[in-house]
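Chemist: So here's coords.txt (compact mmCIF, C-alpha atoms).
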# COMPACT_ATOMS: atom_id res chain seq x y z
CA MET A 1 17.95 -77.33 -30.59
CA LEU A 2 15.90 -76.10 -33.53
CA ILE A 3 16.15 -72.52 -34.72
CA SER A 4 12.81 -73.01 -36.45
CA PRO A 5 10.75 -76.13 -37.12
CA GLU A 6 12.56 -76.67 -40.42
CA VAL A 7 16.12 -75.53 -39.64
CA THR A 8 18.82 -77.14 -37.51
CA LEU A 9 22.25 -75.86 -36.53
CA ASP A 10 23.94 -78.73 -38.36
CA GLN A 11 23.17 -77.25 -41.74
CA TYR A 12 25.13 -74.14 -40.71
CA ALA A 13 28.16 -76.10 -39.45
CA VAL A 14 27.45 -74.76 -35.95
CA SER A 15 27.72 -76.97 -32.90
CA LEU A 16 26.17 -76.53 -29.46
CA ARG A 17 29.41 -77.95 -28.04
CA SER A 18 32.08 -76.19 -30.09
CA GLY A 19 30.20 -73.31 -31.68
CA PHE A 20 31.85 -72.20 -34.91
CA LEU A 21 34.88 -74.39 -34.32
CA PRO A 22 34.87 -77.77 -36.07
CA THR A 23 33.48 -80.55 -33.89
CA ILE A 24 36.65 -82.57 -34.55
CA PRO A 25 39.99 -80.71 -34.25
CA PRO A 26 41.51 -79.68 -37.60
CA LEU A 27 43.89 -81.96 -39.47
CA GLN A 28 47.57 -81.51 -38.70
CA LEU A 29 48.70 -82.99 -42.00
CA LEU A 30 47.34 -83.85 -45.44
CA GLU A 31 48.11 -87.56 -45.56
CA ASP A 32 48.40 -87.75 -49.35
CA PRO A 33 52.14 -87.27 -50.16
CA TYR A 34 51.05 -85.45 -53.30
CA TYR A 35 50.40 -82.38 -51.10
CA TRP A 36 53.55 -82.63 -49.04
CA PRO A 37 55.35 -79.90 -51.03
CA TRP A 38 52.90 -77.46 -49.41
CA GLU A 39 53.26 -79.14 -46.03
CA ASP A 40 57.06 -79.08 -46.16
CA ILE A 41 57.30 -75.34 -46.77
CA VAL A 42 54.69 -74.42 -44.16
CA PHE A 43 56.35 -76.73 -41.62
CA ASP A 44 59.55 -74.70 -42.01
CA LEU A 45 57.82 -71.38 -42.65
CA PRO A 46 59.36 -69.42 -39.73
CA ASN A 47 62.87 -70.25 -41.00
CA HIS A 48 61.94 -69.39 -44.59
CA ILE A 49 60.58 -66.02 -43.49
CA GLU A 50 63.50 -65.19 -41.22
CA SER A 51 66.09 -66.18 -43.84
CA ARG A 52 64.08 -64.54 -46.65
CA THR A 53 63.98 -67.76 -48.68
CA ILE A 54 60.20 -68.12 -48.82
CA ARG A 55 59.90 -66.84 -52.37
CA GLN A 56 62.57 -69.18 -53.67
CA ALA A 57 60.86 -72.10 -51.90
CA VAL A 58 57.48 -71.23 -53.40
CA GLY A 59 59.11 -70.73 -56.79
CA SER A 60 60.07 -74.41 -56.81
CA LEU A 61 56.49 -75.60 -56.17
CA PRO A 62 54.54 -77.42 -58.88
CA VAL A 63 50.95 -76.39 -59.61
CA LEU A 64 49.04 -79.06 -57.68
CA SER A 65 45.50 -80.15 -58.46
CA THR A 66 42.78 -80.01 -55.81
CA SER A 67 41.11 -83.14 -57.22
CA ARG A 68 42.74 -85.38 -54.59
CA LEU A 69 41.21 -83.54 -51.61
CA ARG A 70 38.62 -85.95 -50.23
CA ASP A 71 36.55 -84.35 -47.47
CA GLU A 72 35.92 -81.05 -45.72
CA PRO A 73 38.75 -81.39 -43.16
CA GLU A 74 41.19 -81.86 -46.05
CA TRP A 75 39.79 -78.86 -47.93
CA ARG A 76 40.14 -76.79 -44.76
CA ARG A 77 43.71 -77.94 -44.19
CA ALA A 78 44.57 -77.07 -47.80
CA TYR A 79 42.99 -73.65 -47.35
CA MET A 80 44.99 -72.99 -44.20
CA LEU A 81 48.28 -74.06 -45.85
CA LEU A 82 47.71 -71.92 -48.92
CA ALA A 83 46.68 -68.94 -46.80
CA PHE A 84 49.93 -69.11 -44.84
CA LEU A 85 51.93 -69.56 -48.05
CA THR A 86 50.17 -66.60 -49.66
CA HIS A 87 50.81 -64.11 -46.88
CA ALA A 88 54.35 -65.34 -46.28
CA TYR A 89 55.09 -64.96 -49.98
CA ILE A 90 53.60 -61.47 -50.21
CA TRP A 91 55.02 -60.03 -46.98
CA GLY A 92 58.06 -62.23 -46.32
CA GLY A 93 60.68 -60.11 -48.12
CA GLU A 94 62.21 -56.67 -47.85
CA ARG A 95 59.39 -55.34 -50.05
CA PRO A 96 55.93 -56.82 -50.52
CA GLU A 97 55.44 -58.95 -53.63
CA GLU A 98 52.39 -57.99 -55.70
CA ILE A 99 52.29 -61.03 -58.00
CA LEU A 100 51.21 -64.37 -56.54
CA PRO A 101 52.52 -67.25 -58.71
CA PRO A 102 50.28 -69.94 -60.25
CA ALA A 103 51.58 -72.61 -57.85
CA ILE A 104 49.65 -70.81 -55.10
CA SER A 105 47.01 -68.86 -57.04
CA CYS A 106 45.51 -71.75 -59.00
CA PRO A 107 44.85 -74.19 -56.14
CA PHE A 108 44.00 -71.41 -53.67
CA LEU A 109 41.29 -70.00 -55.91
CA GLU A 110 39.78 -73.48 -56.29
CA VAL A 111 39.92 -74.30 -52.58
CA SER A 112 38.51 -70.89 -51.64
CA ASN A 113 35.65 -71.31 -54.07
CA HIS A 114 34.81 -74.70 -52.55
CA LEU A 115 34.76 -73.27 -49.02
CA GLU A 116 33.03 -70.02 -50.05
CA LEU A 117 35.90 -67.91 -48.75
CA PRO A 118 38.27 -65.36 -50.30
CA PRO A 119 41.82 -66.58 -51.11
CA CYS A 120 43.64 -64.88 -48.26
CA ALA A 121 44.47 -65.48 -44.59
CA THR A 122 41.05 -65.16 -43.01
CA TYR A 123 40.10 -65.71 -39.38
CA ALA A 124 39.00 -69.22 -40.38
CA ALA A 125 42.46 -70.08 -41.72
CA LEU A 126 44.36 -68.53 -38.82
CA ASN A 127 42.15 -69.64 -35.95
CA LEU A 128 39.17 -71.91 -36.59
CA TRP A 129 41.12 -74.44 -38.65
CA ASN A 130 44.58 -74.04 -37.12
CA PHE A 131 44.56 -75.53 -33.63
CA SER A 132 45.07 -78.80 -31.76
CA ILE A 133 44.23 -79.97 -28.28
CA LYS A 134 46.96 -81.19 -25.94
CA ASP A 135 44.65 -83.60 -24.14
CA HIS A 136 41.13 -84.31 -25.36
CA ALA A 137 40.00 -84.73 -21.77
CA THR A 138 40.98 -81.15 -20.95
CA ASP A 139 39.02 -77.93 -21.18
CA ILE A 140 39.41 -76.37 -24.64
CA THR A 141 38.21 -73.04 -23.29
CA ASP A 142 41.62 -72.73 -21.62
CA PRO A 143 44.28 -71.54 -24.10
CA ASP A 144 46.94 -73.38 -22.10
CA ASN A 145 45.37 -76.62 -23.34
CA LEU A 146 45.65 -75.64 -27.01
CA TYR A 147 48.48 -75.35 -29.50
CA ILE A 148 48.90 -74.05 -33.01
CA ASN A 149 49.25 -76.27 -36.07
CA SER A 150 51.04 -73.81 -38.37
CA SER A 151 52.90 -70.62 -37.62
CA PHE A 152 54.51 -67.65 -39.36
CA THR A 153 57.04 -66.88 -36.62
CA GLY A 154 57.38 -70.04 -34.56
CA THR A 155 57.01 -67.94 -31.39
CA LYS A 156 54.96 -68.69 -28.31
CA ASP A 157 53.61 -65.16 -28.68
CA GLU A 158 51.99 -66.00 -32.01
CA GLU A 159 50.60 -69.27 -30.69
CA TRP A 160 49.10 -67.53 -27.66
CA PHE A 161 47.62 -64.77 -29.84
CA PHE A 162 45.73 -67.27 -31.99
CA MET A 163 44.84 -69.69 -29.20
CA ILE A 164 43.19 -66.95 -27.13
CA SER A 165 40.76 -66.52 -30.03
CA VAL A 166 40.19 -70.27 -30.31
CA ALA A 167 39.50 -70.47 -26.57
CA LEU A 168 37.06 -67.56 -26.89
CA GLU A 169 35.25 -69.40 -29.67
CA ALA A 170 35.05 -72.54 -27.53
CA LYS A 171 33.81 -70.71 -24.46
CA GLY A 172 31.37 -68.64 -26.46
CA ALA A 173 29.75 -71.77 -27.88
CA ALA A 174 27.66 -72.02 -24.71
CA LEU A 175 26.01 -68.70 -25.56
CA ILE A 176 24.59 -69.87 -28.89
CA PRO A 177 21.72 -71.95 -27.44
CA LEU A 178 21.12 -69.08 -25.02
CA PHE A 179 20.57 -66.74 -28.01
CA LEU A 180 17.98 -69.08 -29.44
CA GLU A 181 16.19 -69.59 -26.14
CA THR A 182 16.03 -65.82 -25.62
CA ILE A 183 14.56 -65.26 -29.08
CA HIS A 184 11.96 -67.92 -28.30
CA ALA A 185 11.18 -66.38 -24.90
CA ALA A 186 10.59 -63.00 -26.55
CA SER A 187 8.34 -64.56 -29.18
CA ILE A 188 6.02 -66.03 -26.52
CA ASP A 189 6.35 -63.07 -24.11
CA GLU A 190 8.07 -64.96 -21.27
CA SER A 191 9.60 -61.85 -19.77
CA GLN A 192 11.00 -63.41 -16.59
CA ARG A 193 12.62 -66.24 -18.52
CA LEU A 194 14.08 -63.70 -20.93
CA CYS A 195 15.53 -61.64 -18.07
CA ASP A 196 17.16 -64.73 -16.58
CA LEU A 197 18.70 -65.60 -19.95
CA LEU A 198 20.00 -62.07 -20.45
CA ASP A 199 21.61 -62.20 -17.02
CA GLN A 200 23.38 -65.40 -18.10
CA PHE A 201 24.50 -63.70 -21.31
CA THR A 202 25.88 -60.72 -19.38
CA LYS A 203 27.82 -63.04 -17.09
CA GLY A 204 29.08 -65.02 -20.10
CA LEU A 205 30.36 -61.87 -21.81
CA SER A 206 32.15 -60.86 -18.62
CA GLU A 207 33.90 -64.24 -18.60
CA LEU A 208 34.86 -63.81 -22.27
CA ARG A 209 36.30 -60.40 -21.45
CA ASP A 210 38.43 -61.95 -18.68
CA LEU A 211 39.63 -64.57 -21.16
CA LEU A 212 40.46 -61.91 -23.77
CA GLU A 213 42.59 -60.07 -21.26
CA ARG A 214 44.70 -63.17 -20.75
CA MET A 215 46.35 -62.09 -24.01
CA TYR A 216 48.79 -60.06 -21.93
CA GLU A 217 50.14 -63.18 -20.22
CA LYS A 218 52.20 -64.65 -23.06
CA CYS A 219 52.01 -62.37 -26.10
CA SER A 220 54.62 -59.61 -26.23
CA PRO A 221 53.41 -56.40 -27.91
CA ALA A 222 56.80 -55.97 -29.63
CA VAL A 223 56.75 -59.49 -31.09
CA PHE A 224 53.16 -59.11 -32.22
CA PHE A 225 53.69 -55.68 -33.77
CA HIS A 226 57.02 -56.24 -35.53
CA GLN A 227 56.99 -59.93 -36.40
CA LEU A 228 53.41 -61.21 -36.64
CA ARG A 229 51.11 -58.33 -37.53
CA PRO A 230 52.85 -57.47 -40.84
CA LEU A 231 52.20 -61.02 -42.06
CA LEU A 232 48.50 -60.80 -41.22
CA ALA A 233 48.00 -57.73 -43.40
CA GLY A 234 45.77 -58.02 -46.42
CA SER A 235 46.08 -56.35 -49.80
CA LYS A 236 43.28 -53.79 -49.36
CA ASN A 237 44.17 -50.19 -48.48
CA MET A 238 47.83 -51.18 -48.29
CA ALA A 239 49.29 -48.61 -50.70
CA SER A 240 51.38 -47.03 -47.95
CA ALA A 241 52.78 -50.46 -47.08
CA GLY A 242 53.82 -51.15 -50.67
CA LEU A 243 50.75 -52.63 -52.41
CA PRO A 244 49.06 -49.76 -54.27
CA ASN A 245 47.12 -52.08 -56.58
CA GLY A 246 46.58 -55.07 -54.33
CA VAL A 247 47.87 -58.45 -55.49
CA PHE A 248 47.74 -60.05 -58.93
CA TYR A 249 46.68 -63.70 -58.71
CA ASP A 250 48.58 -65.17 -61.66
CA GLU A 251 46.84 -68.24 -63.07
CA GLY A 252 49.39 -68.81 -65.84
CA ASN A 253 49.10 -68.53 -69.61
CA GLY A 254 48.47 -64.82 -69.36
CA GLN A 255 45.42 -65.34 -67.13
CA GLY A 256 44.80 -63.77 -63.75
CA GLU A 257 43.23 -60.86 -61.90
CA TRP A 258 44.14 -58.13 -59.45
CA HIS A 259 42.46 -58.49 -56.07
CA GLN A 260 42.32 -56.44 -52.89
CA TYR A 261 41.38 -58.41 -49.80
CA SER A 262 41.24 -57.53 -46.12
CA GLY A 263 43.67 -59.35 -43.89
CA GLY A 264 42.83 -61.45 -40.86
CA SER A 265 40.52 -59.64 -38.43
CA ASN A 266 38.48 -60.57 -35.38
CA ALA A 267 35.57 -58.89 -37.16
CA GLN A 268 35.56 -62.12 -39.22
CA SER A 269 34.62 -64.10 -36.11
CA SER A 270 31.04 -65.29 -36.52
CA LEU A 271 30.77 -65.55 -32.73
CA ILE A 272 31.62 -61.87 -32.21
CA GLN A 273 29.10 -60.82 -34.84
CA THR A 274 26.36 -62.94 -33.29
CA PHE A 275 26.54 -60.74 -30.19
CA ASP A 276 25.59 -57.68 -32.23
CA ILE A 277 22.85 -59.47 -34.13
CA PHE A 278 21.38 -60.93 -30.94
CA LEU A 279 21.29 -57.52 -29.22
CA GLY A 280 20.11 -55.68 -32.33
CA VAL A 281 23.24 -53.53 -32.60
CA GLU A 282 23.68 -52.26 -36.15
CA HIS A 283 27.14 -51.08 -37.22
CA THR A 284 27.47 -48.75 -40.19
CA ALA A 285 31.13 -47.76 -39.83
CA THR A 286 33.08 -48.54 -43.02
CA GLY A 287 36.54 -47.99 -41.57
CA ASP A 288 37.51 -45.94 -44.63
CA MET A 289 40.33 -43.44 -44.46
CA LYS A 290 39.88 -39.75 -45.11
CA SER A 291 41.59 -38.33 -48.17
CA ASN A 292 42.81 -34.72 -47.83
CA GLY A 293 40.46 -34.28 -44.92
CA VAL A 294 37.43 -35.57 -46.79
CA THR A 295 35.82 -38.89 -46.03
CA ARG A 296 35.36 -41.19 -49.01
CA PRO A 297 31.82 -41.71 -50.32
CA ALA A 298 29.82 -43.96 -48.04
CA ALA A 299 30.03 -47.64 -48.81
CA LYS A 300 26.84 -49.59 -49.42
CA THR A 301 27.55 -51.76 -46.38
CA GLY A 302 29.57 -51.30 -43.22
CA PHE A 303 32.85 -53.09 -42.54
CA MET A 304 31.26 -55.58 -40.14
CA GLN A 305 28.71 -56.60 -42.76
CA GLU A 306 31.47 -56.90 -45.37
CA MET A 307 33.44 -59.18 -43.07
CA ARG A 308 30.70 -61.81 -43.30
CA ASN A 309 32.05 -62.51 -46.79
CA TYR A 310 35.27 -63.62 -45.06
CA MET A 311 33.47 -66.31 -43.07
CA PRO A 312 32.85 -69.90 -44.18
CA GLY A 313 29.68 -70.00 -46.25
CA PRO A 314 27.53 -71.92 -43.73
CA HIS A 315 28.52 -69.53 -40.92
CA HIS A 316 27.68 -66.53 -43.07
CA ARG A 317 24.25 -68.01 -43.75
CA PHE A 318 23.71 -68.67 -40.04
CA LEU A 319 24.30 -64.99 -39.29
CA ASP A 320 21.93 -64.01 -42.07
CA HIS A 321 19.26 -66.31 -40.64
CA LEU A 322 19.84 -65.06 -37.09
CA SER A 323 19.41 -61.50 -38.38
CA GLN A 324 16.00 -62.45 -39.77
CA ILE A 325 14.68 -64.00 -36.56
CA SER A 326 16.34 -61.76 -33.95
CA ASN A 327 13.64 -59.98 -31.96
CA LEU A 328 15.29 -59.06 -28.67
CA ARG A 329 15.79 -55.33 -29.16
CA SER A 330 12.27 -54.70 -30.42
CA TYR A 331 10.89 -56.74 -27.53
CA ALA A 332 13.00 -54.85 -24.99
CA MET A 333 12.01 -51.46 -26.44
CA SER A 334 8.35 -52.43 -26.14
CA HIS A 335 8.79 -52.35 -22.38
CA LYS A 336 9.00 -49.19 -20.30
CA ALA A 337 12.26 -47.67 -19.13
CA ASN A 338 13.42 -49.08 -15.79
CA SER A 339 11.37 -52.23 -16.33
CA ALA A 340 13.06 -55.53 -15.57
CA VAL A 341 13.27 -56.38 -19.28
CA ARG A 342 14.80 -53.05 -20.26
CA ASP A 343 17.27 -53.18 -17.37
CA ALA A 344 18.39 -56.71 -18.30
CA TYR A 345 18.74 -55.70 -21.94
CA ASN A 346 20.73 -52.56 -21.12
CA MET A 347 23.05 -54.53 -18.85
CA ALA A 348 23.72 -57.01 -21.65
CA VAL A 349 24.46 -54.22 -24.14
CA MET A 350 26.82 -52.45 -21.75
CA SER A 351 28.59 -55.74 -21.08
CA LEU A 352 29.32 -56.02 -24.80
CA GLY A 353 30.47 -52.40 -24.71
CA ARG A 354 32.93 -53.24 -21.93
CA PHE A 355 34.19 -56.17 -23.98
CA ARG A 356 34.93 -53.73 -26.79
CA ASP A 357 36.55 -51.33 -24.31
CA SER A 358 39.04 -54.09 -23.53
CA HIS A 359 39.67 -54.59 -27.24
CA VAL A 360 40.39 -50.89 -27.79
CA GLN A 361 42.78 -50.90 -24.82
CA MET A 362 44.50 -53.98 -26.24
CA VAL A 363 44.93 -52.35 -29.64
CA THR A 364 46.44 -49.32 -27.94
CA ARG A 365 48.99 -51.50 -26.17
CA TYR A 366 49.78 -53.88 -29.03
CA ILE A 367 49.83 -51.35 -31.87
CA ILE A 368 49.92 -47.70 -30.78
CA LEU A 369 52.42 -48.13 -27.96
CA ALA A 370 54.22 -51.04 -29.62
CA ALA A 371 54.94 -48.83 -32.65
CA LYS A 372 57.44 -47.00 -30.46
CA THR A 373 59.32 -50.18 -29.52
CA LYS A 374 62.33 -51.70 -31.24
CA HIS A 375 62.19 -54.83 -33.37
CA PRO A 376 62.82 -57.87 -31.10
CA LYS A 377 65.60 -58.92 -33.48
CA THR A 378 68.18 -56.38 -32.41
CA LYS A 379 70.08 -56.59 -35.69
CA PRO A 380 67.60 -56.96 -38.54
CA THR A 381 69.41 -57.84 -41.75
CA SER A 382 67.78 -54.96 -43.62
CA VAL A 383 64.96 -52.46 -43.46
CA GLN A 384 61.61 -53.88 -44.57
CA VAL A 385 58.57 -52.15 -45.98
CA ASN A 386 55.44 -53.55 -44.38
CA LEU A 387 52.57 -52.67 -42.07
CA ALA A 388 54.87 -52.39 -39.04
CA THR A 389 57.38 -50.01 -40.62
CA THR A 390 54.57 -47.93 -42.13
CA THR A 391 52.73 -47.67 -38.82
CA SER A 392 55.90 -46.70 -36.95
CA THR A 393 56.63 -43.98 -39.50
CA GLN A 394 53.08 -42.67 -39.30
CA MET A 395 53.29 -42.58 -35.50
CA LYS A 396 56.36 -40.34 -35.71
CA ASP A 397 54.58 -38.06 -38.16
CA LEU A 398 51.53 -37.86 -35.91
CA ASP A 399 53.68 -36.87 -32.91
CA GLY A 400 51.76 -39.28 -30.71
CA LYS A 401 48.34 -37.80 -31.56
CA VAL A 402 46.59 -40.88 -32.85
CA ALA A 403 43.12 -39.89 -33.97
CA SER A 404 43.19 -41.51 -37.38
CA GLY A 405 45.48 -42.53 -40.21
CA LEU A 406 46.65 -45.96 -39.03
CA HIS A 407 45.54 -49.00 -41.01
CA GLY A 408 44.42 -52.20 -39.35
CA THR A 409 45.22 -55.57 -40.92
CA GLY A 410 41.70 -55.52 -42.35
CA GLY A 411 42.40 -52.22 -44.09
CA THR A 412 40.31 -50.01 -41.79
CA ASP A 413 41.16 -46.62 -40.32
CA LEU A 414 41.95 -48.46 -37.12
CA ILE A 415 41.28 -46.24 -34.10
CA PRO A 416 38.20 -44.34 -35.37
CA PHE A 417 36.65 -47.59 -36.55
CA LEU A 418 37.13 -49.42 -33.25
CA LYS A 419 35.89 -46.48 -31.19
CA LYS A 420 32.82 -45.98 -33.36
CA THR A 421 32.04 -49.71 -33.17
CA ARG A 422 32.30 -49.57 -29.38
CA ASP A 423 30.24 -46.37 -29.11
CA THR A 424 27.56 -47.73 -31.44
CA THR A 425 27.32 -50.78 -29.22
CA LYS A 426 26.83 -48.77 -26.04
CA ALA A 427 24.34 -46.45 -27.74
CA ALA A 428 22.03 -49.42 -28.32
CA ALA A 429 21.19 -49.33 -24.61
CA SER A 430 18.23 -47.07 -23.92
CA TYR A 431 17.43 -45.75 -20.47
CA VAL A 432 14.59 -43.44 -21.46
CA ASP A 433 11.46 -43.82 -23.59
Would you encode the structure as structure tokens?
Modeler:
Amino acid sequence: MLISPEVTLDQYAVSLRSGFLPTIPPLQLLEDPYYWPWEDIVFDLPNHIESRTIRQAVGSLPVLSTSRLRDEPEWRRAYMLLAFLTHAYIWGGERPEEILPPAISCPFLEVSNHLELPPCATYAALNLWNFSIKDHATDITDPDNLYINSSFTGTKDEEWFFMISVALEAKGAALIPLFLETIHAASIDESQRLCDLLDQFTKGLSELRDLLERMYEKCSPAVFFHQLRPLLAGSKNMASAGLPNGVFYDEGNGQGEWHQYSGGSNAQSSLIQTFDIFLGVEHTATGDMKSNGVTRPAAKTGFMQEMRNYMPGPHHRFLDHLSQISNLRSYAMSHKANSAVRDAYNMAVMSLGRFRDSHVQMVTRYIILAAKTKHPKTKPTSVQVNLATTTSTQMKDLDGKVASGLHGTGGTDLIPFLKKTRDTTKAAASYVD
């Protein structure tokens, strides 16, 4: 389907069948043996992290050239490998490491530049380009039919956590043509057609919410909180977790720069952000912490807008284009309260609000409540400093009153940000003129 007479989805690397997922499942291996030093460490990454040998393993790596990467699937595989190596290296010891060696920094900066992504573990690295299908004849919207290519912990919990997101992306792909048809219906004033499409969207979001809540089936909050979440953390707003300056990307010969990047976040899902753009929901929350009771100066853009810079370039441009042509909210508001169009629009908005309700409840269970649990490894070899230990300490200091002060992996003030995002979504519905 055409977005406009001149523009097709292909140029945005978006598929009507798989959405923002690649049309062909990601590579499971870079076939050129030249890159096997990366592959070998990532293959054994859970053992390296558990035994605290990841930094020694990375220290033995040569600085490999990216010149032998041939096509986009290989560039994406390289990006995923280097993202896992980066976060394992930074967070895989007793204390976080603030200097990333040239063996990772140099190729990662080049690969990231090619893919128009920051050099860190983004949603694309962790989810979009890190899955395989058990049987190509099966339904990829079912997480039971998917498996992970690379892992930090080697646990089923981690696999399930990531594959739920992949399944959501696959299932949500069916909504993309619906967005475009709705925009077209509004442009030619086909109100009944638009109402029918919005009803389909509302039903689709309800199904996505049901799929999201399958997270509870096979992902333990304790495993997620203590073992996986610390490795997903970025280098932005992580002073309390041991990275006051971010991370120095050492390029050798005295060259390099300090960077602060957000960690992996579902806000980096292009699919999730299309829902807001389609419905005309505008988020301004920055997720910034308060300092001594005073909120930092307002950022030029909200966190959700900033997260578009953590999406593959073509996907980012698709969202920008969708923002330019989206007309649903203005069309709905041109109709009277209690009209069929306004009712269908309000139902769609509230459905997205309920989806975000489920997300807030999940965060409460997997972070707030999990912070009070013990590490699944009953005898950790030593006390670490990371996002998990920091959050647990903050929870004790807060005496269970969690209004603010806890960082998300993306660096936001977690609970206020999520609640404001949800409330902004629901506020987009209008029941009066």
Chemist: Might you pull out every residue within 6 Å of segment 138-145 of chain A, with only C-alpha atoms counted and same-chain residues fewer than 2 positions away left off, and present them as a VMD selection string?
Modeler: chain A and resid 134 to 136 163 to 164 167 170 to 171
Chemist: I'd like a table as JSON lines: residues in segment 137-199 of chain A with an atom no more than 8 Å from segment 118-132 of chain A, each row giving the shortest atom pair and its distance in Å to one decimal, only C-alpha atoms counted, sorted by chain and rising residue number.
Modeler:
{"residue": "A:Leu146", "atom": "CA", "partner": "A:Ser132", "partner_atom": "CA", "distance": 5.7}
{"residue": "A:Tyr147", "atom": "CA", "partner": "A:Ser132", "partner_atom": "CA", "distance": 5.4}
{"residue": "A:Ile148", "atom": "CA", "partner": "A:Phe131", "partner_atom": "CA", "distance": 4.6}
{"residue": "A:Asn149", "atom": "CA", "partner": "A:Asn130", "partner_atom": "CA", "distance": 5.3}
{"residue": "A:Ser150", "atom": "CA", "partner": "A:Asn130", "partner_atom": "CA", "distance": 6.6}
{"residue": "A:Phe162", "atom": "CA", "partner": "A:Asn127", "partner_atom": "CA", "distance": 5.8}
{"residue": "A:Met163", "atom": "CA", "partner": "A:Asn127", "partner_atom": "CA", "distance": 7.3}
{"residue": "A:Ser165", "atom": "CA", "partner": "A:Asn127", "partner_atom": "CA", "distance": 6.8}
{"residue": "A:Val166", "atom": "CA", "partner": "A:Asn127", "partner_atom": "CA", "distance": 6.0}
Chemist: Given the choices A:Thr393, A:Ser326, A:Asn47, A:Thr86, which gets closest to Phe248 of chain A if the distance is worked out from only C-alpha atoms?
Modeler: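 Of A:Thr393, A:Ser326, A:Asn47, A:Thr86, the one nearest Phe248 of chain A, counting only C-alpha atoms, is A:Thr86.
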Chemist: For atom CA of Glu31 of chain A and atom CA of Leu82 of chain A, determine how far apart the two atoms are, in Å to one decimal place.
Modeler: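 Here the two named atoms are 16.0 Å from each other.
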Chemist: Determine, counting all atoms listed in the file, which protein, DNA and RNA residues have an atom within 10 Å of an atom of Ser323 of chain A; residues of the same chain fewer than 6 positions away are not included. Present the result as a list in words.
Modeler: Thr274, Asp276, Ile277, Phe278, Gly280 and Arg317 of chain A
Chemist: Ranking A:Ala332, A:Leu30, A:Ile176, A:Leu211 by minimum distance to Leu319 of chain A and counting only C-alpha atoms, which one comes first?
Modeler: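 Looking only at the distances to Leu319 of chain A, the closest residue turns out to be A:Ile176.
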Chemist: What would the list of residues within 10 Å of (46.6, -87.6, -49.8) (file frame) look like as a short mmCIF file (atom, residue, chain, number, x, y, z; two decimals) with C-alpha atoms, in the frame of the given file, if only C-alpha atoms are what count?
Modeler:
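Contents of the output file part.cif:
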data_model
loop_
_atom_site.label_atom_id
_atom_site.label_comp_id
_atom_site.auth_asym_id
_atom_site.auth_seq_id
_atom_site.Cartn_x
_atom_site.Cartn_y
_atom_site.Cartn_z
CA LEU A 29 48.70 -82.99 -42.00
CA LEU A 30 47.34 -83.85 -45.44
CA GLU A 31 48.11 -87.56 -45.56
CA ASP A 32 48.40 -87.75 -49.35
CA PRO A 33 52.14 -87.27 -50.16
CA TYR A 34 51.05 -85.45 -53.30
CA TYR A 35 50.40 -82.38 -51.10
CA TRP A 36 53.55 -82.63 -49.04
CA ARG A 68 42.74 -85.38 -54.59
CA LEU A 69 41.21 -83.54 -51.61
CA ARG A 70 38.62 -85.95 -50.23
CA GLU A 74 41.19 -81.86 -46.05
#
Chemist: Measuring atom to atom with all atoms listed in the file, identify which of A:Ala174, A:Phe161, A:Pro312, A:Asn245 is nearest to Arg76 of chain A.
Modeler: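 Using all atoms listed in the file, Arg76 of chain A sits closest to A:Pro312.
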Chemist: Taking (58.3, -74.6, -50.4) in the file's coordinates, which residues come within 9 Å, counting only C-alpha atoms, written as a ChimeraX atom specification?
Modeler: /A:37-42,44-45,48,54-61,85
Chemist: Filtering to C-alpha atoms, could you give me those residues as a PDB file, in the frame of the given file?
Modeler:
ATOM      1  CA  PRO A  37      55.350 -79.900 -51.030  1.00  0.00           C
ATOM      2  CA  TRP A  38      52.900 -77.460 -49.410  1.00  0.00           C
ATOM      3  CA  GLU A  39      53.260 -79.140 -46.030  1.00  0.00           C
ATOM      4  CA  ASP A  40      57.060 -79.080 -46.160  1.00  0.00           C
ATOM      5  CA  ILE A  41      57.300 -75.340 -46.770  1.00  0.00           C
ATOM      6  CA  VAL A  42      54.690 -74.420 -44.160  1.00  0.00           C
ATOM      7  CA  ASP A  44      59.550 -74.700 -42.010  1.00  0.00           C
ATOM      8  CA  LEU A  45      57.820 -71.380 -42.650  1.00  0.00           C
ATOM      9  CA  HIS A  48      61.940 -69.390 -44.590  1.00  0.00           C
ATOM     10  CA  ILE A  54      60.200 -68.120 -48.820  1.00  0.00           C
ATOM     11  CA  ARG A  55      59.900 -66.840 -52.370  1.00  0.00           C
ATOM     12  CA  GLN A  56      62.570 -69.180 -53.670  1.00  0.00           C
ATOM     13  CA  ALA A  57      60.860 -72.100 -51.900  1.00  0.00           C
ATOM     14  CA  VAL A  58      57.480 -71.230 -53.400  1.00  0.00           C
ATOM     15  CA  GLY A  59      59.110 -70.730 -56.790  1.00  0.00           C
ATOM     16  CA  SER A  60      60.070 -74.410 -56.810  1.00  0.00           C
ATOM     17  CA  LEU A  61      56.490 -75.600 -56.170  1.00  0.00           C
ATOM     18  CA  LEU A  85      51.930 -69.560 -48.050  1.00  0.00           C
TER      19      LEU A  85
END
Chemist: For Glu72 of chain A, which of A:Leu100, A:Leu228, A:Leu27, A:Ala88 is the closest residue, counting all atoms listed in the file?
Modeler: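 Comparing A:Leu100, A:Leu228, A:Leu27, A:Ala88 against Glu72 of chain A, the winner is A:Leu27.
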Chemist: Find the spatial neighbours of Ala241 of chain A, counting all atoms listed in the file, within a cut-off of 9 Å - ignore same-chain residues fewer than 6 positions away - and output them as a PyMOL selection string.
Modeler: chain A and resi 95-96+385-391
Chemist: Given the choices A:Ser269, A:Ser187, A:Thr373, A:Asn346, which gets closest to His226 of chain A if the distance is worked out from only C-alpha atoms?
Modeler: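 Distance minimum relative to His226 of chain A lands on A:Thr373.
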